[in-house]
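Asker: Got a structure for you, written out below as structure tokens; questions coming shortly.
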Amino acid sequence: LMDQVEELLCRHHAHPVSVHTPNGILPAAVVLFVLACLFDASLLAKAAFINLLFVITALPFVIYTGVLEWKRKYNRAMTRIFQIKIFAAAVTSVTCAIAIIWYLFDPGVIHTYRAWVFLFINALMLAAAGAAGHIGGKLVFKD
């Protein structure tokens, strides 16, 4: 049964479809955090936080389908491209978790002197997700 499910996930391109969730939501979350910091707007920070919750919820499926594609389509080739993609996925996941936990314990972080560190973590998360997506696009479209 699991083989059939995995075959369906690959045949219907579950990874490239599912990756649009974090790669679409992360820029909005980071922009909202920056705006919240610039305009001292806690409501925007809450909206950004909620966006991160959607991202952290989607990431396990995105990573699972990515590993599945790597196993089935690329025969587990451990090339530099895949090492970078795996590293980028890990950085995205860890920084997302850090940002969520930090915000949970200190929702006013955007109004403190530590806001720049918090924003840097979010920017790093966005850059890692963007890098993984860019490399994935290169793999698929070969240009």
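Within each chain, counting starts at residue 1; across the structure tokens, chains are named A, B, ... in the order shown, with ligands numbered 1 upward in that order.
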Which polymer residues have any atom within 9 Å of an atom of Ala131 (chain A), counting only C-alpha atoms, with same-chain residues fewer than 5 positions away left out, as JSON, numbers by chain?
Answerer: {"A": [84, 85, 88, 126, 136]}
Asker: Keeping only all heavy atoms, write the selected residues to a file as an mmCIF file, in the first residue's frame.
Answerer:
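New file selection_16.cif:
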data_model
loop_
_atom_site.group_PDB
_atom_site.id
_atom_site.type_symbol
_atom_site.label_atom_id
_atom_site.label_comp_id
_atom_site.auth_asym_id
_atom_site.auth_seq_id
_atom_site.Cartn_x
_atom_site.Cartn_y
_atom_site.Cartn_z
ATOM 1 N N ILE A 84 23.143 20.408 -1.023
ATOM 2 C CA ILE A 84 22.718 21.786 -0.762
ATOM 3 C C ILE A 84 21.220 21.837 -0.491
ATOM 4 O O ILE A 84 20.766 22.538 0.423
ATOM 5 C CB ILE A 84 23.109 22.711 -1.932
ATOM 6 C CG1 ILE A 84 24.633 22.826 -2.008
ATOM 7 C CG2 ILE A 84 22.474 24.094 -1.778
ATOM 8 C CD1 ILE A 84 25.137 23.494 -3.281
ATOM 9 N N LYS A 85 20.434 21.111 -1.275
ATOM 10 C CA LYS A 85 18.974 21.096 -1.059
ATOM 11 C C LYS A 85 18.623 20.534 0.318
ATOM 12 O O LYS A 85 17.759 21.083 1.000
ATOM 13 C CB LYS A 85 18.263 20.291 -2.159
ATOM 14 C CG LYS A 85 18.053 21.084 -3.430
ATOM 15 C CD LYS A 85 17.231 20.338 -4.448
ATOM 16 C CE LYS A 85 15.806 20.105 -4.081
ATOM 17 N NZ LYS A 85 14.957 21.285 -4.017
ATOM 18 N N ALA A 88 19.608 23.131 2.863
ATOM 19 C CA ALA A 88 18.665 24.254 2.824
ATOM 20 C C ALA A 88 17.339 23.892 3.485
ATOM 21 O O ALA A 88 16.749 24.711 4.209
ATOM 22 C CB ALA A 88 18.438 24.705 1.380
ATOM 23 N N LEU A 126 14.090 32.428 4.949
ATOM 24 C CA LEU A 126 13.592 32.750 3.614
ATOM 25 C C LEU A 126 14.653 32.477 2.546
ATOM 26 O O LEU A 126 14.349 31.907 1.496
ATOM 27 C CB LEU A 126 13.155 34.219 3.570
ATOM 28 C CG LEU A 126 12.602 34.729 2.251
ATOM 29 C CD1 LEU A 126 11.388 33.920 1.812
ATOM 30 C CD2 LEU A 126 12.240 36.203 2.392
ATOM 31 N N GLY A 136 15.854 23.401 -7.049
ATOM 32 C CA GLY A 136 14.837 22.474 -7.537
ATOM 33 C C GLY A 136 14.342 22.848 -8.918
ATOM 34 O O GLY A 136 14.155 21.986 -9.779
#
Asker: Can you tell me which residues surround region 46-57 of chain A at a distance of at most 8 Å, considering only C-alpha atoms, apart from same-chain residues fewer than 3 positions away, and format the answer as a list in words?
Answerer: Thr21, Pro22, Ile25, Leu26, Ala28, Ala29, Val30, Leu32, Phe33, Ser42, Leu43, Pro60, Ser93, Cys96, Ala97, Ile100 and Tyr103 of chain A
Asker: Using only C-alpha atoms, which residues sit within 12 Å of region 132-134 of chain A once same-chain residues fewer than 3 positions away are excluded, as a JSON list (two decimals) with N, CA, C and O atoms, in the first residue's frame?
Answerer:
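part-v7.json, freshly written:
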[["chain", "number", "residue", "atom", "x", "y", "z"],
["A", 15, "HIS", "N", 5.73, 16.83, -4.62],
["A", 15, "HIS", "CA", 6.77, 17.71, -4.07],
["A", 15, "HIS", "C", 6.73, 19.11, -4.69],
["A", 15, "HIS", "O", 6.63, 20.09, -3.96],
["A", 16, "PRO", "N", 6.81, 19.23, -6.01],
["A", 16, "PRO", "CA", 6.80, 20.59, -6.56],
["A", 16, "PRO", "C", 5.50, 21.33, -6.26],
["A", 16, "PRO", "O", 5.50, 22.55, -6.09],
["A", 17, "VAL", "N", 4.40, 20.61, -6.14],
["A", 17, "VAL", "CA", 3.13, 21.26, -5.80],
["A", 17, "VAL", "C", 3.14, 21.71, -4.35],
["A", 17, "VAL", "O", 2.82, 22.86, -4.03],
["A", 18, "SER", "N", 3.55, 20.85, -3.44],
["A", 18, "SER", "CA", 3.50, 21.17, -2.01],
["A", 18, "SER", "C", 4.52, 22.21, -1.59],
["A", 18, "SER", "O", 4.30, 22.95, -0.64],
["A", 19, "VAL", "N", 5.62, 22.31, -2.31],
["A", 19, "VAL", "CA", 6.66, 23.26, -1.94],
["A", 19, "VAL", "C", 6.20, 24.70, -2.15],
["A", 19, "VAL", "O", 6.76, 25.63, -1.57],
["A", 20, "HIS", "N", 5.17, 24.89, -2.93],
["A", 20, "HIS", "CA", 4.65, 26.25, -3.13],
["A", 20, "HIS", "C", 4.06, 26.83, -1.84],
["A", 20, "HIS", "O", 4.01, 28.04, -1.69],
["A", 21, "THR", "N", 3.62, 25.99, -0.93],
["A", 21, "THR", "CA", 3.06, 26.51, 0.33],
["A", 21, "THR", "C", 4.12, 27.25, 1.14],
["A", 21, "THR", "O", 3.97, 28.45, 1.37],
["A", 22, "PRO", "N", 5.20, 26.61, 1.57],
["A", 22, "PRO", "CA", 6.17, 27.39, 2.34],
["A", 22, "PRO", "C", 6.85, 28.48, 1.52],
["A", 22, "PRO", "O", 7.09, 29.58, 2.02],
["A", 23, "ASN", "N", 7.14, 28.20, 0.24],
["A", 23, "ASN", "CA", 7.83, 29.21, -0.56],
["A", 23, "ASN", "C", 6.93, 30.39, -0.92],
["A", 23, "ASN", "O", 7.43, 31.46, -1.27],
["A", 24, "GLY", "N", 5.63, 30.22, -0.79],
["A", 24, "GLY", "CA", 4.71, 31.33, -1.01],
["A", 24, "GLY", "C", 4.40, 32.09, 0.27],
["A", 24, "GLY", "O", 4.23, 33.31, 0.26],
["A", 62, "VAL", "N", 6.44, 18.44, 2.68],
["A", 62, "VAL", "CA", 7.33, 18.93, 1.62],
["A", 62, "VAL", "C", 8.64, 18.16, 1.64],
["A", 62, "VAL", "O", 9.13, 17.70, 0.60],
["A", 63, "ILE", "N", 9.21, 18.00, 2.82],
["A", 63, "ILE", "CA", 10.49, 17.29, 2.94],
["A", 63, "ILE", "C", 10.32, 15.81, 2.59],
["A", 63, "ILE", "O", 11.13, 15.22, 1.88],
["A", 66, "GLY", "N", 9.99, 15.46, -1.06],
["A", 66, "GLY", "CA", 11.28, 15.75, -1.68],
["A", 66, "GLY", "C", 12.22, 14.57, -1.59],
["A", 66, "GLY", "O", 12.90, 14.21, -2.57],
["A", 81, "ILE", "N", 24.39, 19.19, -5.52],
["A", 81, "ILE", "CA", 23.07, 19.83, -5.62],
["A", 81, "ILE", "C", 22.14, 19.29, -4.54],
["A", 81, "ILE", "O", 21.46, 20.06, -3.86],
["A", 82, "PHE", "N", 22.11, 17.99, -4.38],
["A", 82, "PHE", "CA", 21.22, 17.40, -3.38],
["A", 82, "PHE", "C", 21.70, 17.67, -1.96],
["A", 82, "PHE", "O", 20.89, 17.84, -1.05],
["A", 83, "GLN", "N", 22.99, 17.72, -1.76],
["A", 83, "GLN", "CA", 23.52, 18.08, -0.44],
["A", 83, "GLN", "C", 23.07, 19.50, -0.06],
["A", 83, "GLN", "O", 22.67, 19.74, 1.07],
["A", 84, "ILE", "N", 23.14, 20.41, -1.02],
["A", 84, "ILE", "CA", 22.72, 21.79, -0.76],
["A", 84, "ILE", "C", 21.22, 21.84, -0.49],
["A", 84, "ILE", "O", 20.77, 22.54, 0.42],
["A", 85, "LYS", "N", 20.43, 21.11, -1.28],
["A", 85, "LYS", "CA", 18.97, 21.10, -1.06],
["A", 85, "LYS", "C", 18.62, 20.53, 0.32],
["A", 85, "LYS", "O", 17.76, 21.08, 1.00],
["A", 86, "ILE", "N", 19.28, 19.47, 0.71],
["A", 86, "ILE", "CA", 19.02, 18.87, 2.03],
["A", 86, "ILE", "C", 19.42, 19.85, 3.13],
["A", 86, "ILE", "O", 18.68, 20.05, 4.10],
["A", 87, "PHE", "N", 20.57, 20.49, 2.98],
["A", 87, "PHE", "CA", 21.02, 21.47, 3.95],
["A", 87, "PHE", "C", 20.05, 22.65, 4.02],
["A", 87, "PHE", "O", 19.69, 23.12, 5.11],
["A", 88, "ALA", "N", 19.61, 23.13, 2.86],
["A", 88, "ALA", "CA", 18.67, 24.25, 2.82],
["A", 88, "ALA", "C", 17.34, 23.89, 3.48],
["A", 88, "ALA", "O", 16.75, 24.71, 4.21],
["A", 89, "ALA", "N", 16.87, 22.68, 3.27],
["A", 89, "ALA", "CA", 15.63, 22.23, 3.92],
["A", 89, "ALA", "C", 15.80, 22.17, 5.43],
["A", 89, "ALA", "O", 14.89, 22.56, 6.19],
["A", 90, "ALA", "N", 16.95, 21.71, 5.87],
["A", 90, "ALA", "CA", 17.23, 21.65, 7.31],
["A", 90, "ALA", "C", 17.30, 23.05, 7.91],
["A", 90, "ALA", "O", 16.72, 23.31, 8.97],
["A", 91, "VAL", "N", 17.99, 23.96, 7.23],
["A", 91, "VAL", "CA", 18.09, 25.34, 7.73],
["A", 91, "VAL", "C", 16.70, 25.98, 7.78],
["A", 91, "VAL", "O", 16.35, 26.65, 8.76],
["A", 92, "THR", "N", 15.91, 25.78, 6.74],
["A", 92, "THR", "CA", 14.55, 26.33, 6.73],
["A", 92, "THR", "C", 13.74, 25.80, 7.90],
["A", 92, "THR", "O", 13.09, 26.57, 8.62],
["A", 93, "SER", "N", 13.79, 24.50, 8.11],
["A", 93, "SER", "CA", 13.01, 23.88, 9.19],
["A", 93, "SER", "C", 13.46, 24.36, 10.57],
["A", 93, "SER", "O", 12.63, 24.73, 11.41],
["A", 125, "MET", "N", 15.90, 32.00, 7.04],
["A", 125, "MET", "CA", 14.91, 30.98, 6.70],
["A", 125, "MET", "C", 14.40, 31.19, 5.28],
["A", 125, "MET", "O", 14.32, 30.24, 4.49],
["A", 126, "LEU", "N", 14.09, 32.43, 4.95],
["A", 126, "LEU", "CA", 13.59, 32.75, 3.61],
["A", 126, "LEU", "C", 14.65, 32.48, 2.55],
["A", 126, "LEU", "O", 14.35, 31.91, 1.50],
["A", 127, "ALA", "N", 15.89, 32.85, 2.82],
["A", 127, "ALA", "CA", 16.97, 32.62, 1.87],
["A", 127, "ALA", "C", 17.19, 31.12, 1.64],
["A", 127, "ALA", "O", 17.39, 30.68, 0.50],
["A", 128, "ALA", "N", 17.15, 30.33, 2.70],
["A", 128, "ALA", "CA", 17.34, 28.88, 2.57],
["A", 128, "ALA", "C", 16.21, 28.25, 1.75],
["A", 128, "ALA", "O", 16.47, 27.42, 0.87],
["A", 129, "ALA", "N", 14.99, 28.66, 2.02],
["A", 129, "ALA", "CA", 13.85, 28.13, 1.25],
["A", 129, "ALA", "C", 13.97, 28.55, -0.22],
["A", 129, "ALA", "O", 13.71, 27.76, -1.13],
["A", 137, "GLY", "N", 14.17, 24.14, -9.15],
["A", 137, "GLY", "CA", 13.76, 24.61, -10.47],
["A", 137, "GLY", "C", 14.80, 24.29, -11.52],
["A", 137, "GLY", "O", 14.48, 23.90, -12.65],
["A", 138, "LYS", "N", 16.07, 24.44, -11.16],
["A", 138, "LYS", "CA", 17.15, 24.10, -12.09],
["A", 138, "LYS", "C", 17.14, 22.61, -12.43],
["A", 138, "LYS", "O", 17.40, 22.22, -13.57],
["A", 139, "LEU", "N", 16.84, 21.77, -11.43],
["A", 139, "LEU", "CA", 16.78, 20.33, -11.67],
["A", 139, "LEU", "C", 15.65, 19.98, -12.63],
["A", 139, "LEU", "O", 15.83, 19.16, -13.54],
["A", 140, "VAL", "N", 14.52, 20.61, -12.42],
["A", 140, "VAL", "CA", 13.34, 20.28, -13.22],
["A", 140, "VAL", "C", 13.43, 20.87, -14.62],
["A", 140, "VAL", "O", 13.15, 20.20, -15.61],
["A", 141, "PHE", "N", 13.83, 22.13, -14.72],
["A", 141, "PHE", "CA", 13.79, 22.83, -16.01],
["A", 141, "PHE", "C", 15.13, 22.82, -16.74],
["A", 141, "PHE", "O", 15.20, 23.26, -17.88],
["A", 142, "LYS", "N", 16.18, 22.35, -16.10],
["A", 142, "LYS", "CA", 17.49, 22.14, -16.72],
["A", 142, "LYS", "C", 18.01, 23.32, -17.55],
["A", 142, "LYS", "O", 18.58, 23.13, -18.61],
["A", 143, "ASP", "N", 17.85, 24.54, -17.07],
["A", 143, "ASP", "CA", 18.36, 25.68, -17.85],
["A", 143, "ASP", "C", 19.54, 26.31, -17.21],
["A", 143, "ASP", "O", 20.15, 26.41, -16.41]]
Asker: Tell me which of A:Val94, A:Val67, A:Val5, A:Ala41 sits closest to Leu124 (chain A), counting only C-alpha atoms.
Answerer: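 Among the listed residues, A:Val94 lies closest to Leu124 (chain A).
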Asker: So, with only C-alpha atoms as the atoms that count, which of A:Ala36, A:Ala58, A:Leu68, A:Leu44 lies closest to Thr112 (chain A)?
Answerer: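 Checking each candidate against Thr112 (chain A), we get A:Ala36 as the closest.
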Asker: Can you tell me how far CA of Ile101 (chain A) sits from CA of Asp40 (chain A), in Å to one decimal?
Answerer: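 Between these atoms lies a distance of 20.6 Å.
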Asker: Could you check how far CA of Tyr64 (chain A) sits from CA of Ile98 (chain A), in Å to one decimal?
Answerer: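 Computing it gives 20.7 Å between the two atoms.
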